[in-house]
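Heads up: the structure comes next, in structure tokens.
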Amino acid sequence: MRGRAYVYPRYMFVNESTDIMRLCQWGLDLLGIDWRMNRRNSLSVARRGAVAVLDRHVGPKS
């Protein structure tokens, strides 16, 4: 796939507060949404099914 951009929808949540990050993780876990920590202060939701579930709860990203 050289020369082609690979674009897909995903959600990123960034916050310096570990308490806020834990709340975000807790909420996503309650909804059954897969998430991953990219860095200590950055969480992503990138799997197609997880993005679809989050879209249903908060609306699609624009």
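In the structure tokens, chains take letters A, B, ... by order of appearance, with residues numbered from 1 within each chain and ligands from 1 in the order shown.
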Just want the 12 Å neighbourhood of segment 40-50 of chain A, counted on only C-alpha atoms, with same-chain residues fewer than 4 positions away dropped. Output as an MDAnalysis selection string. chainID A and resid 7:25 28:29 31:36 54:57
Enumerate as an NGL selection string all residues of chain A assigned to helix (DSSP H, G or I) by DSSP on the backbone, naming them with the chain letters and numbers the document uses. :A and (18-31 or 48-58)
I need the strand (DSSP E) residues of segment 15-59 of chain A per DSSP on the backbone, written as number ranges by chain. A: 36-39, 42-45
Convert the current residue selection to file output with all heavy atoms, as a short mmCIF file (atom, residue, chain, number, x, y, z; two decimals), in the first residue's frame.
data_model
loop_
_atom_site.label_atom_id
_atom_site.label_comp_id
_atom_site.auth_asym_id
_atom_site.auth_seq_id
_atom_site.Cartn_x
_atom_site.Cartn_y
_atom_site.Cartn_z
N ARG A 36 -7.53 1.34 24.19
CA ARG A 36 -6.10 1.09 24.40
C ARG A 36 -5.43 2.39 24.80
O ARG A 36 -5.75 3.45 24.28
CB ARG A 36 -5.49 0.56 23.11
CG ARG A 36 -3.98 0.56 23.13
CD ARG A 36 -3.43 -0.07 21.91
NE ARG A 36 -3.13 -1.43 22.34
CZ ARG A 36 -2.87 -2.42 21.56
NH1 ARG A 36 -2.91 -2.26 20.27
NH2 ARG A 36 -2.58 -3.60 22.03
N MET A 37 -4.49 2.29 25.71
CA MET A 37 -3.67 3.44 26.10
C MET A 37 -2.50 3.54 25.12
O MET A 37 -1.71 2.62 25.01
CB MET A 37 -3.15 3.29 27.53
CG MET A 37 -4.23 3.33 28.60
SD MET A 37 -5.18 4.86 28.66
CE MET A 37 -3.94 6.03 29.19
N ASN A 38 -2.41 4.67 24.40
CA ASN A 38 -1.31 4.88 23.46
C ASN A 38 -0.08 5.39 24.20
O ASN A 38 1.04 5.04 23.88
CB ASN A 38 -1.68 5.93 22.42
CG ASN A 38 -2.86 5.51 21.59
OD1 ASN A 38 -3.64 4.66 21.99
ND2 ASN A 38 -2.98 6.09 20.43
N ARG A 39 -0.34 6.28 25.15
CA ARG A 39 0.68 6.85 26.03
C ARG A 39 0.04 6.94 27.40
O ARG A 39 -1.13 6.64 27.57
CB ARG A 39 1.10 8.23 25.54
CG ARG A 39 1.79 8.23 24.19
CD ARG A 39 2.30 9.63 23.81
NE ARG A 39 1.24 10.62 23.83
CZ ARG A 39 0.53 11.00 22.79
NH1 ARG A 39 0.74 10.46 21.61
NH2 ARG A 39 -0.39 11.93 22.90
N SER A 42 -3.00 9.26 26.92
CA SER A 42 -3.75 9.19 25.66
C SER A 42 -4.41 7.82 25.50
O SER A 42 -3.73 6.79 25.51
CB SER A 42 -2.80 9.45 24.49
OG SER A 42 -3.48 9.32 23.27
N LEU A 43 -5.72 7.84 25.31
CA LEU A 43 -6.52 6.63 25.14
C LEU A 43 -7.14 6.66 23.75
O LEU A 43 -7.58 7.72 23.30
CB LEU A 43 -7.59 6.62 26.22
CG LEU A 43 -8.62 5.52 26.25
CD1 LEU A 43 -9.05 5.27 27.70
CD2 LEU A 43 -9.82 5.83 25.41
N SER A 44 -7.18 5.52 23.08
CA SER A 44 -7.81 5.47 21.76
C SER A 44 -8.84 4.36 21.69
O SER A 44 -8.71 3.33 22.33
CB SER A 44 -6.76 5.28 20.66
OG SER A 44 -6.22 3.99 20.71
N VAL A 45 -9.85 4.62 20.89
CA VAL A 45 -10.86 3.63 20.53
C VAL A 45 -10.78 3.54 19.01
O VAL A 45 -11.13 4.49 18.31
CB VAL A 45 -12.28 4.07 20.98
CG1 VAL A 45 -13.33 3.09 20.48
CG2 VAL A 45 -12.33 4.21 22.49
#
